[in-house]
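Engineer: Take a look at this one; I'll ask things after.
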Amino acid sequence: MTLYIDPPQWPGHGRMWSHLVSDVSFEELHAFAASIGAPARAFDGDHYDLPSERYADAVAAGAIEIGSKELVRRITEAGLRRPKRRPVANPAV
């Protein structure tokens, strides 16, 4: 099981956030997230958003601390990176 987490450096909703990913499978990612109590709603396409107060829990459970660029590189190379969905513009009538 190989899970990775970047430092809580992403602001949102008055908190700082980390990204939790797997470079093996989404099944592994979901199982790990559930084991540390991350809610399903925290899944954002190819990662879980974890608030800074949950960072130590993920590391204690075995997630490896890496930088954000390295995190993206690993899931991209594993074929698990999913591009953000962009809103579709309304066609002109």
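Residue names in the structure tokens use chain letters A, B, ... in the order shown, residue numbers from 1 in each chain, and ligand numbers from 1 in the order shown.
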Write out as a VMD selection string the residues lying within 7 Å of A:His19, counting only C-alpha atoms and excluding same-chain residues fewer than 2 positions away.
Structural biologist: chain A and resid 5 to 6 17 21 47 to 50
Engineer: How about saving the chosen residues, N, CA, C and O atoms kept, as a PDB file, in the first residue's frame?
Structural biologist:
ATOM      1  N   ILE A   5       0.803  12.094   0.771  1.00  0.00           N
ATOM      2  CA  ILE A   5       0.095  13.296   1.209  1.00  0.00           C
ATOM      3  C   ILE A   5       1.035  14.489   1.091  1.00  0.00           C
ATOM      4  O   ILE A   5       2.227  14.386   1.395  1.00  0.00           O
ATOM      5  N   ASP A   6       0.510  15.592   0.589  1.00  0.00           N
ATOM      6  CA  ASP A   6       1.319  16.809   0.522  1.00  0.00           C
ATOM      7  C   ASP A   6       1.031  17.673   1.753  1.00  0.00           C
ATOM      8  O   ASP A   6       0.054  17.444   2.465  1.00  0.00           O
ATOM      9  N   TRP A  17      -5.503  22.828   3.641  1.00  0.00           N
ATOM     10  CA  TRP A  17      -5.823  21.478   3.178  1.00  0.00           C
ATOM     11  C   TRP A  17      -4.618  20.778   2.560  1.00  0.00           C
ATOM     12  O   TRP A  17      -3.747  21.416   1.977  1.00  0.00           O
ATOM     13  N   VAL A  21      -3.308  10.878  -1.953  1.00  0.00           N
ATOM     14  CA  VAL A  21      -3.421  10.120  -3.202  1.00  0.00           C
ATOM     15  C   VAL A  21      -2.796   8.737  -3.068  1.00  0.00           C
ATOM     16  O   VAL A  21      -2.010   8.476  -2.152  1.00  0.00           O
ATOM     17  N   HIS A  47      -8.162  12.488  -5.767  1.00  0.00           N
ATOM     18  CA  HIS A  47      -7.519  12.649  -4.458  1.00  0.00           C
ATOM     19  C   HIS A  47      -8.567  12.941  -3.393  1.00  0.00           C
ATOM     20  O   HIS A  47      -9.709  13.264  -3.711  1.00  0.00           O
ATOM     21  N   TYR A  48      -8.152  12.826  -2.152  1.00  0.00           N
ATOM     22  CA  TYR A  48      -8.980  13.263  -1.036  1.00  0.00           C
ATOM     23  C   TYR A  48      -8.409  14.569  -0.519  1.00  0.00           C
ATOM     24  O   TYR A  48      -7.191  14.716  -0.390  1.00  0.00           O
ATOM     25  N   ASP A  49      -9.287  15.518  -0.220  1.00  0.00           N
ATOM     26  CA  ASP A  49      -8.891  16.747   0.453  1.00  0.00           C
ATOM     27  C   ASP A  49      -8.989  16.493   1.953  1.00  0.00           C
ATOM     28  O   ASP A  49     -10.052  16.111   2.448  1.00  0.00           O
ATOM     29  N   LEU A  50      -7.863  16.684   2.660  1.00  0.00           N
ATOM     30  CA  LEU A  50      -7.850  16.495   4.106  1.00  0.00           C
ATOM     31  C   LEU A  50      -7.472  17.801   4.788  1.00  0.00           C
ATOM     32  O   LEU A  50      -6.479  18.431   4.411  1.00  0.00           O
TER      33      LEU A  50
END
Engineer: Neighbouring residues of A:Asp46 were defined as those with any atom within 6 Å, considering only C-alpha atoms; residues of the same chain fewer than 2 positions away were excluded. Please report them as an MDAnalysis selection string.
Structural biologist: chainID A and resid 44 81:82
Engineer: Those selected residues, please, written with C-alpha atoms and delivered as a PDB file, in the first residue's frame.
Structural biologist:
ATOM      1  CA  ASP A  44     -12.244  15.128  -5.456  1.00  0.00           C
ATOM      2  CA  ARG A  81      -4.567  11.799 -12.650  1.00  0.00           C
ATOM      3  CA  ARG A  82      -7.985  13.036 -13.665  1.00  0.00           C
TER       4      ARG A  82
END
Engineer: May I have all residues of chain A that DSSP, computed from the backbone, assigns to strand (DSSP E), given as a ChimeraX atom specification?
Structural biologist: /A:3-5,10-12,15-22,48-51,64-65
Engineer: Dump C-alpha atoms for the selected residues as an mmCIF file, in the first residue's frame?
Structural biologist:
data_model
loop_
_atom_site.group_PDB
_atom_site.id
_atom_site.type_symbol
_atom_site.label_atom_id
_atom_site.label_comp_id
_atom_site.auth_asym_id
_atom_site.auth_seq_id
_atom_site.Cartn_x
_atom_site.Cartn_y
_atom_site.Cartn_z
ATOM 1 C CA LEU A 3 -0.341 6.486 -0.188
ATOM 2 C CA TYR A 4 1.059 10.000 -0.391
ATOM 3 C CA ILE A 5 0.095 13.296 1.209
ATOM 4 C CA TRP A 10 -4.006 24.869 0.194
ATOM 5 C CA PRO A 11 -6.449 27.424 1.657
ATOM 6 C CA GLY A 12 -10.198 26.981 1.531
ATOM 7 C CA ARG A 15 -8.747 26.087 6.740
ATOM 8 C CA MET A 16 -5.592 24.704 5.176
ATOM 9 C CA TRP A 17 -5.823 21.478 3.178
ATOM 10 C CA SER A 18 -3.662 18.567 2.018
ATOM 11 C CA HIS A 19 -4.177 16.128 -0.833
ATOM 12 C CA LEU A 20 -4.117 12.379 -0.197
ATOM 13 C CA VAL A 21 -3.421 10.120 -3.202
ATOM 14 C CA SER A 22 -2.494 6.575 -4.185
ATOM 15 C CA TYR A 48 -8.980 13.263 -1.036
ATOM 16 C CA ASP A 49 -8.891 16.747 0.453
ATOM 17 C CA LEU A 50 -7.850 16.495 4.106
ATOM 18 C CA PRO A 51 -7.873 19.453 6.512
ATOM 19 C CA ILE A 64 4.208 9.229 2.921
ATOM 20 C CA GLU A 65 4.858 12.969 3.089
#
Engineer: Skip A:Gly37 itself and residues of its chain fewer than 5 positions away, then list as a ChimeraX atom specification all residues within 10 Å of it, counting only C-alpha atoms.
Structural biologist: /A:31-32,54,57-58
Engineer: Excluding A:Val24 and any residue of its chain fewer than 5 positions from it, enumerate the residues within 10 Å of it, using only C-alpha atoms, and give them as a ChimeraX atom specification.
Structural biologist: /A:1-3,29,74-75,78-80
Engineer: Output all heavy atoms for every residue in that selection, as a PDB file, in the first residue's frame.
Structural biologist:
ATOM      1  N   MET A   1       0.853  -1.177   0.000  1.00  0.00           N
ATOM      2  CA  MET A   1       0.000   0.000   0.000  1.00  0.00           C
ATOM      3  C   MET A   1       0.898   1.239   0.000  1.00  0.00           C
ATOM      4  O   MET A   1       1.739   1.388   0.862  1.00  0.00           O
ATOM      5  CB  MET A   1      -0.892  -0.023   1.245  1.00  0.00           C
ATOM      6  CG  MET A   1      -1.867   1.121   1.289  1.00  0.00           C
ATOM      7  SD  MET A   1      -2.950   1.126   2.737  1.00  0.00           S
ATOM      8  CE  MET A   1      -4.103  -0.134   2.302  1.00  0.00           C
ATOM      9  N   THR A   2       0.722   2.100  -1.013  1.00  0.00           N
ATOM     10  CA  THR A   2       1.514   3.319  -1.094  1.00  0.00           C
ATOM     11  C   THR A   2       0.591   4.513  -1.253  1.00  0.00           C
ATOM     12  O   THR A   2      -0.004   4.708  -2.308  1.00  0.00           O
ATOM     13  CB  THR A   2       2.506   3.273  -2.272  1.00  0.00           C
ATOM     14  OG1 THR A   2       3.260   2.070  -2.188  1.00  0.00           O
ATOM     15  CG2 THR A   2       3.448   4.450  -2.225  1.00  0.00           C
ATOM     16  N   LEU A   3       0.458   5.271  -0.178  1.00  0.00           N
ATOM     17  CA  LEU A   3      -0.341   6.486  -0.188  1.00  0.00           C
ATOM     18  C   LEU A   3       0.584   7.663   0.063  1.00  0.00           C
ATOM     19  O   LEU A   3       1.573   7.538   0.775  1.00  0.00           O
ATOM     20  CB  LEU A   3      -1.400   6.447   0.917  1.00  0.00           C
ATOM     21  CG  LEU A   3      -2.624   5.560   0.694  1.00  0.00           C
ATOM     22  CD1 LEU A   3      -3.494   6.105  -0.392  1.00  0.00           C
ATOM     23  CD2 LEU A   3      -2.332   4.125   0.529  1.00  0.00           C
ATOM     24  N   LEU A  29      -6.913   3.893  -2.437  1.00  0.00           N
ATOM     25  CA  LEU A  29      -7.113   5.239  -1.897  1.00  0.00           C
ATOM     26  C   LEU A  29      -8.392   5.305  -1.063  1.00  0.00           C
ATOM     27  O   LEU A  29      -8.380   5.807   0.066  1.00  0.00           O
ATOM     28  CB  LEU A  29      -7.167   6.256  -3.041  1.00  0.00           C
ATOM     29  CG  LEU A  29      -7.439   7.700  -2.659  1.00  0.00           C
ATOM     30  CD1 LEU A  29      -6.388   8.245  -1.688  1.00  0.00           C
ATOM     31  CD2 LEU A  29      -7.502   8.563  -3.912  1.00  0.00           C
ATOM     32  N   ARG A  74       3.596  11.654  -9.467  1.00  0.00           N
ATOM     33  CA  ARG A  74       3.381  10.223  -9.195  1.00  0.00           C
ATOM     34  C   ARG A  74       2.014   9.739  -9.665  1.00  0.00           C
ATOM     35  O   ARG A  74       1.910   8.668 -10.253  1.00  0.00           O
ATOM     36  CB  ARG A  74       3.571   9.933  -7.714  1.00  0.00           C
ATOM     37  CG  ARG A  74       5.028  10.002  -7.323  1.00  0.00           C
ATOM     38  CD  ARG A  74       5.221   9.666  -5.864  1.00  0.00           C
ATOM     39  NE  ARG A  74       6.582   9.936  -5.481  1.00  0.00           N
ATOM     40  CZ  ARG A  74       7.390   9.044  -4.924  1.00  0.00           C
ATOM     41  NH1 ARG A  74       6.958   7.833  -4.668  1.00  0.00           N
ATOM     42  NH2 ARG A  74       8.615   9.384  -4.602  1.00  0.00           N
ATOM     43  N   ILE A  75       0.958  10.503  -9.413  1.00  0.00           N
ATOM     44  CA  ILE A  75      -0.352  10.009  -9.856  1.00  0.00           C
ATOM     45  C   ILE A  75      -0.511  10.140 -11.372  1.00  0.00           C
ATOM     46  O   ILE A  75      -1.216   9.343 -11.982  1.00  0.00           O
ATOM     47  CB  ILE A  75      -1.535  10.653  -9.089  1.00  0.00           C
ATOM     48  CG1 ILE A  75      -1.655  12.144  -9.324  1.00  0.00           C
ATOM     49  CG2 ILE A  75      -1.442  10.328  -7.621  1.00  0.00           C
ATOM     50  CD1 ILE A  75      -2.944  12.739  -8.769  1.00  0.00           C
ATOM     51  N   ALA A  78       1.254   7.148 -12.813  1.00  0.00           N
ATOM     52  CA  ALA A  78       0.484   5.935 -12.523  1.00  0.00           C
ATOM     53  C   ALA A  78      -0.800   5.858 -13.359  1.00  0.00           C
ATOM     54  O   ALA A  78      -1.508   4.859 -13.317  1.00  0.00           O
ATOM     55  CB  ALA A  78       0.137   5.888 -11.033  1.00  0.00           C
ATOM     56  N   GLY A  79      -1.104   6.920 -14.102  1.00  0.00           N
ATOM     57  CA  GLY A  79      -2.316   6.945 -14.914  1.00  0.00           C
ATOM     58  C   GLY A  79      -3.579   7.220 -14.103  1.00  0.00           C
ATOM     59  O   GLY A  79      -4.684   6.965 -14.569  1.00  0.00           O
ATOM     60  N   LEU A  80      -3.405   7.771 -12.899  1.00  0.00           N
ATOM     61  CA  LEU A  80      -4.549   8.035 -12.020  1.00  0.00           C
ATOM     62  C   LEU A  80      -4.929   9.511 -11.943  1.00  0.00           C
ATOM     63  O   LEU A  80      -5.861   9.868 -11.237  1.00  0.00           O
ATOM     64  CB  LEU A  80      -4.254   7.503 -10.610  1.00  0.00           C
ATOM     65  CG  LEU A  80      -4.033   5.993 -10.526  1.00  0.00           C
ATOM     66  CD1 LEU A  80      -3.588   5.601  -9.127  1.00  0.00           C
ATOM     67  CD2 LEU A  80      -5.289   5.253 -10.923  1.00  0.00           C
TER      68      LEU A  80
END
Engineer: Could you check the closest approach to A:Phe26 for each of A:His13, A:Ser68, A:Phe43, A:Ala60 and tell me which residue wins, using only C-alpha atoms?
Structural biologist: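 For A:Phe26, the nearest of the candidates is A:Phe43.
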Engineer: Using only C-alpha atoms, pick whichever of A:Lys69, A:Arg41, A:His30, A:Lys84 has the shortest atom-to-atom distance to A:Pro7.
Structural biologist: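 Smallest separation from A:Pro7 among the options: A:Lys69.
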Engineer: Go ahead and compute the interatomic distance for atom CA of A:Gly62 and atom CA of A:Ala42, in Å to one decimal.
Structural biologist: 18.7 Å
Engineer: Running DSSP on the backbone, which parts of chain A land in alpha helix (DSSP H), as a ChimeraX atom specification?
Structural biologist: /A:26-35,55-60,68-77
Engineer: Find the distance between atom CA of A:Glu27 and atom CA of A:Ser52 and write it in Å to one decimal.
Structural biologist: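 Value for the atom CA of A:Glu27-atom CA of A:Ser52 distance: 23.5 Å.
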